[in-house]
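**Student:** Have a look at the structure that comes next, please.
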Amino acid sequence: MTNLLNLKNDEGEIHLNDERMILTSSSIFGTLRKDLIETIGFERMKFFLIRYGWNIGVKDAKKALKGDLSSVKEILKQGPILHMLQGYTKVKTTKLELSMVNQVDVDSVKVEGVWVNSYEAEEHITQTGIAKRPVCYTLTGYASGFYSTVCGHEVIFKESACKGAGQAECRYEGKSIHLWGREIQDEVNYYKTKPIVQELALTYEMLLEERNSLSKVMDIHNLLTEELISGRNLQSIMRMVYQKTKMPLLMENFHSNQVYHAGFDNGKATEVRNQLKLKWENGPDTLETGSIVTDGIKLLYAPITLQNQIYGYCAFALSNRIEGKTNLEINQMILERVSMACSLFLLNEKNSFEALERVKGLFLEQILNGEFASREEIINKSMYLDTSLDHPFTIVLLSYQNPSTQKVENDYFIQQKIIEEIYSFFKKRNQVVLTALRDGNIVLLIPLRPENESQSLTYLNQECINHLYAVFGGYHFKMGISTISNELERADEVLQEALTALRMNEGHRNIIKFEEVDLLSILMHTGSTPAVLQKAEKMMGPLLLKEDPKMNELLKTLYVFLQCGGNLESSMKALNISMSGLRYRIKRLEELLACQIRNPKSAFQLYASLETLLNAKMITIS
């Protein structure tokens, strides 16, 4: 074949197989390829190069058929040789199967091989980088044109691997079109010629359709902006989008567990919501726009994000008539703008809430600090915050603790999240609440309106704690509840009641009310602890000799006697001893303690001392 190459240097001509050729750099072809992508787009560039390769392959095949080769297989082998001779690539055919009819006509063909050093793959990487799919379009076009011409029927080649797409080598496969089936359907379209007028008309129609679609997107975008500026709610936004698109739309706010929809009946909306809920629960933490098909309906969804957190989603229900890549992309653009509008709405709502809560928190701080002259002044000020305090109220002090030490969290952020959840909880129950922070705890001032008097305050607060446990897994919550008061000017004293109740809650209970705390416990928890312990030790001094077992017996006798109110009969039965034995012990106690234990004043001090030492775990009575 090299003998077919004729260099006529004096005449400035190069001939190959009696046809004039031109010699040019492969990089020029790479530049042309890049320009075509930038000018007419990747898909049309692919069409252009496949047709270009096809025409070269057809020409070379016609010349090969005029030769004196004896068999179809020998003729087919000329294609790779001519391809290599022209510098396109080195061809290694690894498989070639022919099925003949009457030893003359080709019924079917299968061929596989490798293109080594493909100029097309090299230039694509040089000009545009690694591609996402195979890129040797002139090579596949050439092979398809050559084989189709020689075999007398359409034979289509495609790449199964390509160096231009990052694979180790360029692998090709060619088969008669009737052997491919649906697998090659998309590739076949690139081999169909279209008149330039038809191409221009099609391009114009596509541009017109895209312009109209983008115009539709911008119209909806502008309407969404108007809805937000006008202060419309999310349901109004859903209704407007449905009227414009005629596609059922659903939006869910995870934060408040609210659902808005338009175009669905309630039953279908619930069904769609459940399907998307499963998707969200089983999917990754961050989801991009996507789609699922359920019960014959395609759901296109987009997340609603706020400060890098997913707050909910929007979803279109696409009918069967909405098909095609362009329509899907347009609907996705519309949905993403709806999602963005919902994000802006929620951000504005969140900022408004935080601003109002800051003002309410400052107002509650002023009340607790006694900065108002009278109850009437406080009530008048509360009207400006849409929070009437002209009712009896109670104060709740909430403490929270995260026992996990594996994760350091922003305490202020957690406080704000807890306050948001508390506000949301009480808002759903039509209950006003003011919140503030004191010494790491959250203060709640709850006005008791007549319409809510039938609801148990303890039950309401227990429900609130249950809600917080559900949202903040791993945290521990406790509440101290004050008495009900009508004196706002004494709110700080009411807060002290809630604080005392909270401090008394050392057991496993979530809630304790101030009414449940006894006077002695208050004395022990609110006094000077070291001084109280010192006094208690001095009072009990002789009985604290642990090495003497008789002292522990006397200690128990004293405790039971005082608990029984000094009643000899009750004490005798509780201790299961005789009357004479009890009298002896009482006499011994009075000698050791140097006081009359049946004297009310002495009895009170002795009992307080015993309780103090028990709470401090300095003694045990069994």
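Order determines the names: the first chain of the structure tokens is A, the second B, and so forth; residues in each chain are numbered 1 upward, and ligands are numbered 1 upward as they are shown.
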Met479 in chain A: which residues within 6 Å, counting only C-alpha atoms, same-chain residues fewer than 2 positions away excluded, as a ChimeraX atom specification?
**Tutor:** /A:397-398,502,511
**Student:** For all heavy atoms, I'd like the residues from the last selection saved as a JSON list (two decimals), in the first residue's frame.
**Tutor:**
```json
[["chain", "number", "residue", "atom", "x", "y", "z"],
["A", 397, "LEU", "N", -38.68, 27.38, 84.68],
["A", 397, "LEU", "CA", -37.24, 27.43, 84.43],
["A", 397, "LEU", "C", -36.83, 26.07, 83.87],
["A", 397, "LEU", "O", -37.04, 25.04, 84.50],
["A", 397, "LEU", "CB", -36.48, 27.72, 85.72],
["A", 397, "LEU", "CG", -35.05, 28.27, 85.55],
["A", 397, "LEU", "CD1", -35.08, 29.60, 84.82],
["A", 397, "LEU", "CD2", -34.36, 28.43, 86.90],
["A", 398, "LEU", "N", -36.25, 26.10, 82.64],
["A", 398, "LEU", "CA", -35.88, 24.86, 81.95],
["A", 398, "LEU", "C", -34.36, 24.73, 81.92],
["A", 398, "LEU", "O", -33.66, 25.65, 81.48],
["A", 398, "LEU", "CB", -36.42, 24.88, 80.52],
["A", 398, "LEU", "CG", -35.99, 23.73, 79.61],
["A", 398, "LEU", "CD1", -36.67, 22.43, 80.02],
["A", 398, "LEU", "CD2", -36.29, 24.03, 78.14],
["A", 502, "LEU", "N", -36.49, 23.86, 90.64],
["A", 502, "LEU", "CA", -35.55, 23.19, 89.75],
["A", 502, "LEU", "C", -34.38, 22.60, 90.54],
["A", 502, "LEU", "O", -33.92, 21.49, 90.28],
["A", 502, "LEU", "CB", -35.03, 24.18, 88.70],
["A", 502, "LEU", "CG", -34.10, 23.62, 87.61],
["A", 502, "LEU", "CD1", -34.84, 22.58, 86.78],
["A", 502, "LEU", "CD2", -33.57, 24.73, 86.71],
["A", 511, "ILE", "N", -40.23, 17.16, 85.87],
["A", 511, "ILE", "CA", -40.89, 18.39, 86.31],
["A", 511, "ILE", "C", -41.14, 18.32, 87.80],
["A", 511, "ILE", "O", -41.57, 17.30, 88.34],
["A", 511, "ILE", "CB", -42.23, 18.58, 85.56],
["A", 511, "ILE", "CG1", -41.99, 18.75, 84.05],
["A", 511, "ILE", "CG2", -43.00, 19.77, 86.10],
["A", 511, "ILE", "CD1", -43.26, 18.80, 83.23]]
```
**Student:** Can you check which parts of range 524-582 of chain A lie within 9 Å of range 608-614 of chain A? Per residue, the shortest pair of atoms and distance in Å to one decimal, counting only C-alpha atoms, sorted by chain and number, as a tab-separated table.
**Tutor:**
```
residue	atom	partner	partner_atom	distance
A:Met524	CA	A:Thr612	CA	6.5
A:Val532	CA	A:Thr612	CA	7.5
A:Leu533	CA	A:Thr612	CA	6.7
A:Lys535	CA	A:Ser609	CA	7.5
A:Ala536	CA	A:Ser609	CA	4.3
A:Glu537	CA	A:Ser609	CA	7.5
A:Met539	CA	A:Ser609	CA	7.0
A:Met540	CA	A:Ser609	CA	7.4
A:Leu555	CA	A:Leu610	CA	8.8
A:Tyr559	CA	A:Leu610	CA	7.2
```
**Student:** If we count only C-alpha atoms, what is near range 313-319 of chain A at a cut-off of 10 Å, once residues fewer than 4 positions away on the same chain are taken out, given as a VMD selection string?
**Tutor:** chain A and resid 238 242 245 to 254 259 to 261 263 to 264 272 to 273 276 to 277 280 287 289 to 293 296 to 305 323 328 331 to 332 334 to 336 338 to 340 342 to 343
**Student:** May I have the selected residues written with N, CA and C atoms, as a short mmCIF file (atom, residue, chain, number, x, y, z; two decimals), in the first residue's frame?
**Tutor:**
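Written output follows (part.cif):
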```
data_model
loop_
_atom_site.label_atom_id
_atom_site.label_comp_id
_atom_site.auth_asym_id
_atom_site.auth_seq_id
_atom_site.Cartn_x
_atom_site.Cartn_y
_atom_site.Cartn_z
N MET A 238 -47.88 28.56 46.36
CA MET A 238 -48.19 27.28 45.73
C MET A 238 -49.33 27.44 44.72
N TYR A 242 -49.16 26.83 40.56
CA TYR A 242 -50.03 25.83 39.94
C TYR A 242 -50.88 26.46 38.83
N THR A 245 -48.43 26.87 35.81
CA THR A 245 -47.83 25.68 35.21
C THR A 245 -48.82 24.56 34.94
N LYS A 246 -49.96 24.57 35.66
CA LYS A 246 -50.97 23.49 35.58
C LYS A 246 -50.38 22.15 36.04
N MET A 247 -49.32 22.21 36.82
CA MET A 247 -48.72 20.99 37.38
C MET A 247 -48.95 20.98 38.89
N PRO A 248 -49.53 19.91 39.44
CA PRO A 248 -49.73 19.83 40.89
C PRO A 248 -48.41 20.03 41.62
N LEU A 249 -48.47 20.79 42.71
CA LEU A 249 -47.27 21.18 43.44
C LEU A 249 -47.48 20.99 44.93
N LEU A 250 -46.44 20.49 45.60
CA LEU A 250 -46.52 20.26 47.05
C LEU A 250 -45.25 20.77 47.71
N MET A 251 -45.40 21.37 48.89
CA MET A 251 -44.25 21.86 49.64
C MET A 251 -44.41 21.47 51.10
N GLU A 252 -43.34 20.96 51.71
CA GLU A 252 -43.39 20.60 53.13
C GLU A 252 -42.27 21.31 53.87
N ASN A 253 -42.62 21.88 55.03
CA ASN A 253 -41.66 22.52 55.92
C ASN A 253 -41.39 21.57 57.08
N PHE A 254 -40.21 20.93 57.09
CA PHE A 254 -39.88 19.98 58.14
C PHE A 254 -39.89 20.66 59.52
N VAL A 259 -47.56 21.46 55.68
CA VAL A 259 -47.60 21.04 54.27
C VAL A 259 -48.54 21.98 53.52
N TYR A 260 -48.08 22.44 52.35
CA TYR A 260 -48.90 23.29 51.48
C TYR A 260 -48.94 22.62 50.11
N HIS A 261 -50.09 22.68 49.45
CA HIS A 261 -50.16 22.07 48.13
C HIS A 261 -51.25 22.74 47.30
N GLY A 263 -53.41 21.78 43.45
CA GLY A 263 -53.59 20.84 42.35
C GLY A 263 -53.79 19.41 42.79
N PHE A 264 -53.58 19.12 44.08
CA PHE A 264 -53.82 17.79 44.65
C PHE A 264 -55.08 17.85 45.52
N VAL A 272 -48.43 11.50 48.17
CA VAL A 272 -47.19 12.04 47.60
C VAL A 272 -46.22 12.40 48.72
N ARG A 273 -46.74 12.99 49.76
CA ARG A 273 -45.89 13.37 50.90
C ARG A 273 -45.21 12.14 51.52
N LEU A 276 -42.32 10.91 49.28
CA LEU A 276 -41.14 11.75 49.37
C LEU A 276 -40.50 11.66 50.75
N LYS A 277 -41.31 11.43 51.77
CA LYS A 277 -40.77 11.27 53.13
C LYS A 277 -39.86 10.05 53.19
N TRP A 280 -36.62 10.90 51.56
CA TRP A 280 -35.79 11.77 52.40
C TRP A 280 -35.17 11.00 53.56
N LEU A 287 -29.61 16.47 49.68
CA LEU A 287 -30.15 15.97 48.41
C LEU A 287 -30.23 17.11 47.41
N THR A 289 -31.60 18.38 43.43
CA THR A 289 -32.83 18.20 42.67
C THR A 289 -32.81 16.82 42.01
N GLY A 290 -33.93 16.10 42.08
CA GLY A 290 -34.01 14.77 41.51
C GLY A 290 -35.44 14.38 41.24
N SER A 291 -35.65 13.11 40.94
CA SER A 291 -37.01 12.66 40.63
C SER A 291 -37.17 11.20 41.05
N ILE A 292 -38.41 10.83 41.33
CA ILE A 292 -38.76 9.44 41.58
C ILE A 292 -40.07 9.16 40.85
N VAL A 293 -40.30 7.90 40.53
CA VAL A 293 -41.54 7.50 39.87
C VAL A 293 -42.30 6.61 40.83
N GLY A 296 -47.02 5.40 38.70
CA GLY A 296 -47.20 5.99 37.37
C GLY A 296 -47.03 7.49 37.32
N ILE A 297 -46.70 8.11 38.46
CA ILE A 297 -46.51 9.57 38.50
C ILE A 297 -45.04 9.86 38.74
N LYS A 298 -44.49 10.76 37.93
CA LYS A 298 -43.10 11.18 38.12
C LYS A 298 -43.09 12.40 39.02
N LEU A 299 -42.39 12.30 40.15
CA LEU A 299 -42.28 13.41 41.10
C LEU A 299 -40.91 14.04 40.95
N LEU A 300 -40.90 15.30 40.56
CA LEU A 300 -39.66 16.07 40.47
C LEU A 300 -39.55 16.90 41.75
N TYR A 301 -38.45 16.73 42.51
CA TYR A 301 -38.35 17.40 43.80
C TYR A 301 -37.08 18.23 43.89
N ALA A 302 -37.13 19.24 44.75
CA ALA A 302 -35.96 20.10 45.02
C ALA A 302 -35.97 20.45 46.50
N PRO A 303 -34.82 20.36 47.17
CA PRO A 303 -34.78 20.67 48.60
C PRO A 303 -34.87 22.17 48.86
N ILE A 304 -35.43 22.50 50.02
CA ILE A 304 -35.44 23.90 50.51
C ILE A 304 -34.36 23.99 51.57
N THR A 305 -33.31 24.76 51.27
CA THR A 305 -32.18 24.85 52.19
C THR A 305 -32.12 26.23 52.84
N GLU A 323 -42.98 15.43 28.50
CA GLU A 323 -41.86 14.57 28.16
C GLU A 323 -40.77 15.41 27.51
N LEU A 328 -38.17 18.81 30.77
CA LEU A 328 -37.71 18.41 32.10
C LEU A 328 -36.77 19.46 32.68
N ASN A 331 -38.86 22.54 33.66
CA ASN A 331 -39.61 22.30 34.90
C ASN A 331 -38.69 22.29 36.11
N GLN A 332 -37.48 21.76 35.90
CA GLN A 332 -36.50 21.77 36.99
C GLN A 332 -36.10 23.19 37.35
N ILE A 334 -37.93 25.88 36.94
CA ILE A 334 -39.07 26.49 37.64
C ILE A 334 -39.11 26.03 39.09
N LEU A 335 -38.95 24.70 39.28
CA LEU A 335 -39.03 24.15 40.63
C LEU A 335 -37.92 24.71 41.52
N GLU A 336 -36.72 24.85 40.96
CA GLU A 336 -35.61 25.39 41.76
C GLU A 336 -35.87 26.84 42.15
N VAL A 338 -38.94 28.07 42.63
CA VAL A 338 -39.96 27.97 43.68
C VAL A 338 -39.30 27.62 45.01
N SER A 339 -38.36 26.67 44.94
CA SER A 339 -37.63 26.27 46.15
C SER A 339 -36.86 27.45 46.74
N MET A 340 -36.24 28.24 45.87
CA MET A 340 -35.50 29.40 46.35
C MET A 340 -36.44 30.43 46.99
N CYS A 342 -39.27 29.76 48.47
CA CYS A 342 -39.66 29.21 49.77
C CYS A 342 -38.54 29.40 50.79
N SER A 343 -37.29 29.22 50.35
CA SER A 343 -36.14 29.43 51.25
C SER A 343 -36.09 30.88 51.73
#
```
**Student:** Between CA of Leu344 in chain A and CA of Lys268 in chain A, what is the spacing in Å?
**Tutor:**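 Here the two named atoms are 27.2 Å from each other.
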**Student:** A:Val72, A:Leu356, A:Ala373, A:Leu85: which is nearest Met21 in chain A, counting only C-alpha atoms?
**Tutor:** A:Leu85
**Student:** Closest to Gln401 in chain A among A:Arg182, A:Lys478, A:Lys587, A:Lys360, using only C-alpha atoms?
**Tutor:**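 Closest to Gln401 in chain A, using only C-alpha atoms: A:Lys478.
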**Student:** Please extract the residues of range 518-609 of chain A with a backbone DSSP assignment of alpha helix (DSSP H) and present them as a short mmCIF file (atom, residue, chain, number, x, y, z; two decimals) with N, CA, C and O atoms, in the first residue's frame.
**Tutor:**
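Listing of result-v8.cif after writing:
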```
data_model
loop_
_atom_site.label_atom_id
_atom_site.label_comp_id
_atom_site.auth_asym_id
_atom_site.auth_seq_id
_atom_site.Cartn_x
_atom_site.Cartn_y
_atom_site.Cartn_z
N LEU A 519 -40.56 22.98 103.25
CA LEU A 519 -39.82 24.10 103.80
C LEU A 519 -38.41 23.72 104.19
O LEU A 519 -37.45 24.47 103.99
N LEU A 520 -38.24 22.52 104.77
CA LEU A 520 -36.93 22.08 105.22
C LEU A 520 -35.96 21.92 104.05
O LEU A 520 -34.78 22.30 104.15
N SER A 521 -36.44 21.40 102.93
CA SER A 521 -35.59 21.26 101.75
C SER A 521 -35.14 22.61 101.22
O SER A 521 -34.00 22.79 100.82
N ILE A 522 -36.08 23.58 101.27
CA ILE A 522 -35.72 24.94 100.83
C ILE A 522 -34.63 25.50 101.70
O ILE A 522 -33.66 26.11 101.23
N LEU A 523 -34.75 25.28 103.02
CA LEU A 523 -33.76 25.78 103.96
C LEU A 523 -32.38 25.19 103.65
O LEU A 523 -31.37 25.89 103.64
N MET A 524 -32.34 23.91 103.36
CA MET A 524 -31.07 23.24 103.13
C MET A 524 -30.45 23.64 101.79
O MET A 524 -29.24 23.69 101.66
N HIS A 525 -31.29 23.92 100.77
CA HIS A 525 -30.75 24.21 99.45
C HIS A 525 -30.47 25.68 99.22
O HIS A 525 -29.72 26.03 98.33
N THR A 526 -31.09 26.53 100.02
CA THR A 526 -30.92 27.97 99.79
C THR A 526 -30.01 28.61 100.80
O THR A 526 -29.60 29.75 100.63
N THR A 529 -24.42 26.26 102.51
CA THR A 529 -24.21 24.81 102.67
C THR A 529 -23.12 24.47 103.67
O THR A 529 -23.33 23.64 104.56
N PRO A 530 -21.92 25.08 103.57
CA PRO A 530 -20.89 24.75 104.58
C PRO A 530 -21.33 25.04 106.01
O PRO A 530 -21.08 24.27 106.92
N ALA A 531 -22.02 26.19 106.19
CA ALA A 531 -22.45 26.56 107.54
C ALA A 531 -23.51 25.60 108.06
O ALA A 531 -23.49 25.20 109.24
N VAL A 532 -24.43 25.20 107.18
CA VAL A 532 -25.49 24.28 107.59
C VAL A 532 -24.89 22.92 107.97
O VAL A 532 -25.25 22.32 108.99
N LEU A 533 -23.94 22.44 107.19
CA LEU A 533 -23.29 21.17 107.49
C LEU A 533 -22.50 21.25 108.81
O LEU A 533 -22.50 20.31 109.62
N GLN A 534 -21.82 22.38 108.99
CA GLN A 534 -21.05 22.56 110.23
C GLN A 534 -21.96 22.54 111.45
O GLN A 534 -21.66 21.89 112.46
N LYS A 535 -23.08 23.23 111.33
CA LYS A 535 -24.04 23.26 112.45
C LYS A 535 -24.61 21.87 112.69
O LYS A 535 -24.75 21.43 113.85
N ALA A 536 -24.94 21.17 111.62
CA ALA A 536 -25.53 19.83 111.75
C ALA A 536 -24.55 18.86 112.42
O ALA A 536 -24.92 18.05 113.26
N GLU A 537 -23.27 18.94 112.04
CA GLU A 537 -22.26 18.06 112.65
C GLU A 537 -22.11 18.32 114.15
O GLU A 537 -21.95 17.38 114.94
N LYS A 538 -22.17 19.61 114.49
CA LYS A 538 -22.03 19.93 115.92
C LYS A 538 -23.23 19.43 116.71
O LYS A 538 -23.09 18.94 117.83
N MET A 539 -24.42 19.56 116.13
CA MET A 539 -25.63 19.10 116.81
C MET A 539 -25.59 17.58 117.03
O MET A 539 -25.98 17.07 118.07
N MET A 540 -25.10 16.85 116.00
CA MET A 540 -25.11 15.39 116.04
C MET A 540 -23.79 14.79 116.54
O MET A 540 -23.65 13.58 116.62
N PRO A 549 -20.96 0.85 117.08
CA PRO A 549 -22.24 0.44 116.45
C PRO A 549 -23.46 0.89 117.24
O PRO A 549 -24.53 1.05 116.66
N LYS A 550 -23.29 1.14 118.54
CA LYS A 550 -24.44 1.58 119.36
C LYS A 550 -24.88 2.98 118.97
O LYS A 550 -26.04 3.34 119.11
N MET A 551 -23.91 3.79 118.45
CA MET A 551 -24.24 5.16 118.06
C MET A 551 -25.19 5.16 116.83
O MET A 551 -26.10 5.97 116.75
N ASN A 552 -24.96 4.26 115.90
CA ASN A 552 -25.83 4.17 114.73
C ASN A 552 -27.24 3.75 115.12
O ASN A 552 -28.23 4.21 114.56
N GLU A 553 -27.32 2.90 116.15
CA GLU A 553 -28.63 2.46 116.67
C GLU A 553 -29.37 3.63 117.30
O GLU A 553 -30.57 3.81 117.09
N LEU A 554 -28.63 4.46 118.05
CA LEU A 554 -29.23 5.65 118.67
C LEU A 554 -29.63 6.67 117.60
O LEU A 554 -30.64 7.36 117.71
N LEU A 555 -28.79 6.79 116.54
CA LEU A 555 -29.09 7.73 115.44
C LEU A 555 -30.41 7.37 114.77
O LEU A 555 -31.25 8.23 114.51
N LYS A 556 -30.61 6.08 114.51
CA LYS A 556 -31.85 5.62 113.91
C LYS A 556 -33.04 5.87 114.84
O LYS A 556 -34.11 6.29 114.40
N THR A 557 -32.84 5.61 116.12
CA THR A 557 -33.91 5.84 117.11
C THR A 557 -34.34 7.30 117.10
O THR A 557 -35.54 7.62 117.11
N LEU A 558 -33.35 8.20 117.08
CA LEU A 558 -33.65 9.63 117.08
C LEU A 558 -34.44 10.02 115.82
O LEU A 558 -35.43 10.76 115.90
N TYR A 559 -34.01 9.53 114.68
CA TYR A 559 -34.65 9.88 113.40
C TYR A 559 -36.10 9.41 113.36
O TYR A 559 -37.01 10.16 112.99
N VAL A 560 -36.33 8.16 113.79
CA VAL A 560 -37.69 7.61 113.78
C VAL A 560 -38.57 8.34 114.79
O VAL A 560 -39.74 8.65 114.51
N PHE A 561 -38.01 8.60 115.97
CA PHE A 561 -38.78 9.29 117.02
C PHE A 561 -39.23 10.67 116.55
O PHE A 561 -40.38 11.08 116.75
N LEU A 562 -38.32 11.40 115.87
CA LEU A 562 -38.66 12.75 115.38
C LEU A 562 -39.67 12.66 114.23
O LEU A 562 -40.57 13.50 114.11
N GLN A 563 -39.52 11.66 113.35
CA GLN A 563 -40.48 11.49 112.26
C GLN A 563 -41.88 11.17 112.78
O GLN A 563 -42.88 11.55 112.17
N LEU A 568 -44.49 8.07 121.53
CA LEU A 568 -43.79 6.88 122.01
C LEU A 568 -44.36 5.60 121.40
O LEU A 568 -43.61 4.70 121.02
N GLU A 569 -45.69 5.51 121.33
CA GLU A 569 -46.32 4.29 120.81
C GLU A 569 -45.92 4.05 119.35
O GLU A 569 -45.55 2.94 118.98
N SER A 570 -46.02 5.11 118.53
CA SER A 570 -45.67 4.97 117.10
C SER A 570 -44.19 4.63 116.92
O SER A 570 -43.82 3.80 116.10
N SER A 571 -43.35 5.28 117.70
CA SER A 571 -41.91 5.04 117.61
C SER A 571 -41.57 3.61 118.01
O SER A 571 -40.72 2.96 117.38
N MET A 572 -42.21 3.11 119.11
CA MET A 572 -41.96 1.76 119.59
C MET A 572 -42.29 0.73 118.50
O MET A 572 -41.53 -0.20 118.26
N LYS A 573 -43.42 0.92 117.84
CA LYS A 573 -43.83 -0.01 116.78
C LYS A 573 -42.90 0.08 115.57
O LYS A 573 -42.54 -0.93 114.97
N ALA A 574 -42.52 1.31 115.20
CA ALA A 574 -41.64 1.49 114.03
C ALA A 574 -40.28 0.88 114.27
O ALA A 574 -39.66 0.31 113.35
N LEU A 575 -39.78 0.98 115.51
CA LEU A 575 -38.45 0.44 115.82
C LEU A 575 -38.49 -1.01 116.25
O LEU A 575 -37.44 -1.67 116.35
N MET A 579 -41.21 -0.66 125.20
CA MET A 579 -41.35 0.70 125.70
C MET A 579 -40.19 1.06 126.62
O MET A 579 -39.66 2.18 126.57
N SER A 580 -39.81 0.10 127.47
CA SER A 580 -38.70 0.38 128.39
C SER A 580 -37.40 0.59 127.63
O SER A 580 -36.58 1.46 127.95
N GLY A 581 -37.22 -0.20 126.55
CA GLY A 581 -36.02 -0.02 125.73
C GLY A 581 -36.00 1.32 125.05
O GLY A 581 -34.95 1.97 124.92
N LEU A 582 -37.18 1.78 124.56
CA LEU A 582 -37.27 3.09 123.90
C LEU A 582 -36.98 4.22 124.88
O LEU A 582 -36.25 5.17 124.56
N ARG A 583 -37.55 4.10 126.10
CA ARG A 583 -37.33 5.15 127.10
C ARG A 583 -35.85 5.24 127.46
O ARG A 583 -35.30 6.33 127.65
N TYR A 584 -35.21 4.09 127.53
CA TYR A 584 -33.77 4.09 127.86
C TYR A 584 -32.97 4.82 126.77
O TYR A 584 -32.08 5.63 127.05
N ARG A 585 -33.32 4.54 125.50
CA ARG A 585 -32.60 5.16 124.40
C ARG A 585 -32.82 6.68 124.36
O ARG A 585 -31.88 7.45 124.08
N ILE A 586 -34.05 7.09 124.65
CA ILE A 586 -34.33 8.53 124.65
C ILE A 586 -33.52 9.22 125.74
O ILE A 586 -32.95 10.31 125.54
N LYS A 587 -33.48 8.60 126.90
CA LYS A 587 -32.71 9.18 128.01
C LYS A 587 -31.24 9.28 127.63
O LYS A 587 -30.56 10.29 127.90
N ARG A 588 -30.71 8.21 126.98
CA ARG A 588 -29.31 8.21 126.56
C ARG A 588 -29.03 9.28 125.52
O ARG A 588 -27.99 9.95 125.55
N LEU A 589 -29.96 9.47 124.59
CA LEU A 589 -29.81 10.51 123.56
C LEU A 589 -29.77 11.91 124.18
O LEU A 589 -28.97 12.76 123.78
N GLU A 590 -30.66 12.15 125.15
CA GLU A 590 -30.70 13.47 125.78
C GLU A 590 -29.41 13.74 126.56
O GLU A 590 -28.94 14.89 126.60
N GLU A 591 -28.81 12.68 127.10
CA GLU A 591 -27.54 12.86 127.81
C GLU A 591 -26.42 13.20 126.84
O GLU A 591 -25.60 14.09 127.09
N LEU A 592 -26.38 12.49 125.71
CA LEU A 592 -25.31 12.71 124.72
C LEU A 592 -25.45 14.06 124.01
O LEU A 592 -24.45 14.75 123.74
N LEU A 593 -26.69 14.43 123.68
CA LEU A 593 -26.92 15.66 122.91
C LEU A 593 -27.10 16.89 123.78
O LEU A 593 -27.15 18.02 123.28
N PRO A 600 -40.12 21.17 121.14
CA PRO A 600 -40.35 21.46 119.71
C PRO A 600 -39.18 22.15 119.03
O PRO A 600 -38.82 21.82 117.89
N LYS A 601 -38.59 23.15 119.69
CA LYS A 601 -37.49 23.89 119.07
C LYS A 601 -36.28 22.98 118.87
O LYS A 601 -35.65 22.97 117.81
N SER A 602 -35.94 22.19 119.89
CA SER A 602 -34.81 21.26 119.78
C SER A 602 -35.09 20.18 118.74
O SER A 602 -34.21 19.81 117.95
N ALA A 603 -36.34 19.68 118.75
CA ALA A 603 -36.71 18.62 117.80
C ALA A 603 -36.55 19.10 116.36
O ALA A 603 -36.07 18.37 115.49
N PHE A 604 -36.97 20.34 116.07
CA PHE A 604 -36.87 20.89 114.71
C PHE A 604 -35.41 20.96 114.26
O PHE A 604 -35.06 20.55 113.16
N GLN A 605 -34.53 21.50 115.16
CA GLN A 605 -33.12 21.62 114.80
C GLN A 605 -32.45 20.26 114.61
O GLN A 605 -31.64 20.06 113.71
N LEU A 606 -32.83 19.31 115.46
CA LEU A 606 -32.25 17.97 115.32
C LEU A 606 -32.70 17.30 114.02
O LEU A 606 -31.89 16.68 113.32
N TYR A 607 -33.99 17.44 113.69
CA TYR A 607 -34.50 16.84 112.46
C TYR A 607 -33.87 17.48 111.22
O TYR A 607 -33.49 16.81 110.27
N ALA A 608 -33.74 18.85 111.27
CA ALA A 608 -33.09 19.55 110.16
C ALA A 608 -31.65 19.10 109.99
O ALA A 608 -31.16 18.92 108.88
N SER A 609 -30.96 18.89 111.10
CA SER A 609 -29.56 18.43 111.04
C SER A 609 -29.47 17.04 110.44
O SER A 609 -28.59 16.76 109.61
#
```
**Student:** Using only C-alpha atoms, find the one residue out of A:Leu488, A:Ile621, A:Val101, A:Cys464 that sits nearest to Ser424 in chain A.
**Tutor:** A:Cys464
**Student:** Could you state the separation of CA of Tyr311 in chain A and CA of Leu460 in chain A in Å, given to one decimal place?
**Tutor:**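 Separation of CA of Tyr311 in chain A and CA of Leu460 in chain A: 26.3 Å.
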**Student:** So, with only C-alpha atoms as the atoms that count, which of A:Ile442, A:Ile512, A:Val104, A:Ile378 lies closest to Glu487 in chain A?
**Tutor:**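 Nearest to Glu487 in chain A: A:Ile378.
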**Student:** Quick check, in Å to one decimal: how far apart do CA of Thr93 in chain A and CA of Tyr142 in chain A lie?
**Tutor:**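 Between CA of Thr93 in chain A and CA of Tyr142 in chain A the gap is 14.9 Å.
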**Student:** Report as a list in words all protein, DNA and RNA residues lying within 12 Å of Ser374 in chain A, evaluated on only C-alpha atoms, omitting residues in the same chain fewer than 5 positions from it.
**Tutor:**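 Near neighbours after the sequence-gap exclusion: Ile367, Ile379, Asn380, Lys381, Glu487, Leu488, Glu489, Arg490 and Ala491 of chain A.
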**Student:** Taking only C-alpha atoms into account, which of A:Ala355, A:Val241, A:Val217, A:Val91 comes nearest Ile330 in chain A?
**Tutor:**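 Among A:Ala355, A:Val241, A:Val217, A:Val91, it is A:Val217 that comes nearest to Ile330 in chain A.
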**Student:** If we count only C-alpha atoms and set the cut-off at 10 Å, which residues sit around range 36-51 of chain A, ignoring sequence neighbours fewer than 3 positions away in its own chain? Please answer as a list in words.
**Tutor:**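 Once the nearby chain positions are removed, what remains is Gly30, Thr31, Leu32, Arg33, Trp54, Asn55, Ile56, Gly57, Thr128, Val135, Cys136, Tyr137, Thr138, Leu139, Thr140, Gly141, Tyr142, Ala143, Ser144, Gly145, Glu187, Asn189, Tyr190, Tyr191, Lys192 and Thr193 of chain A.
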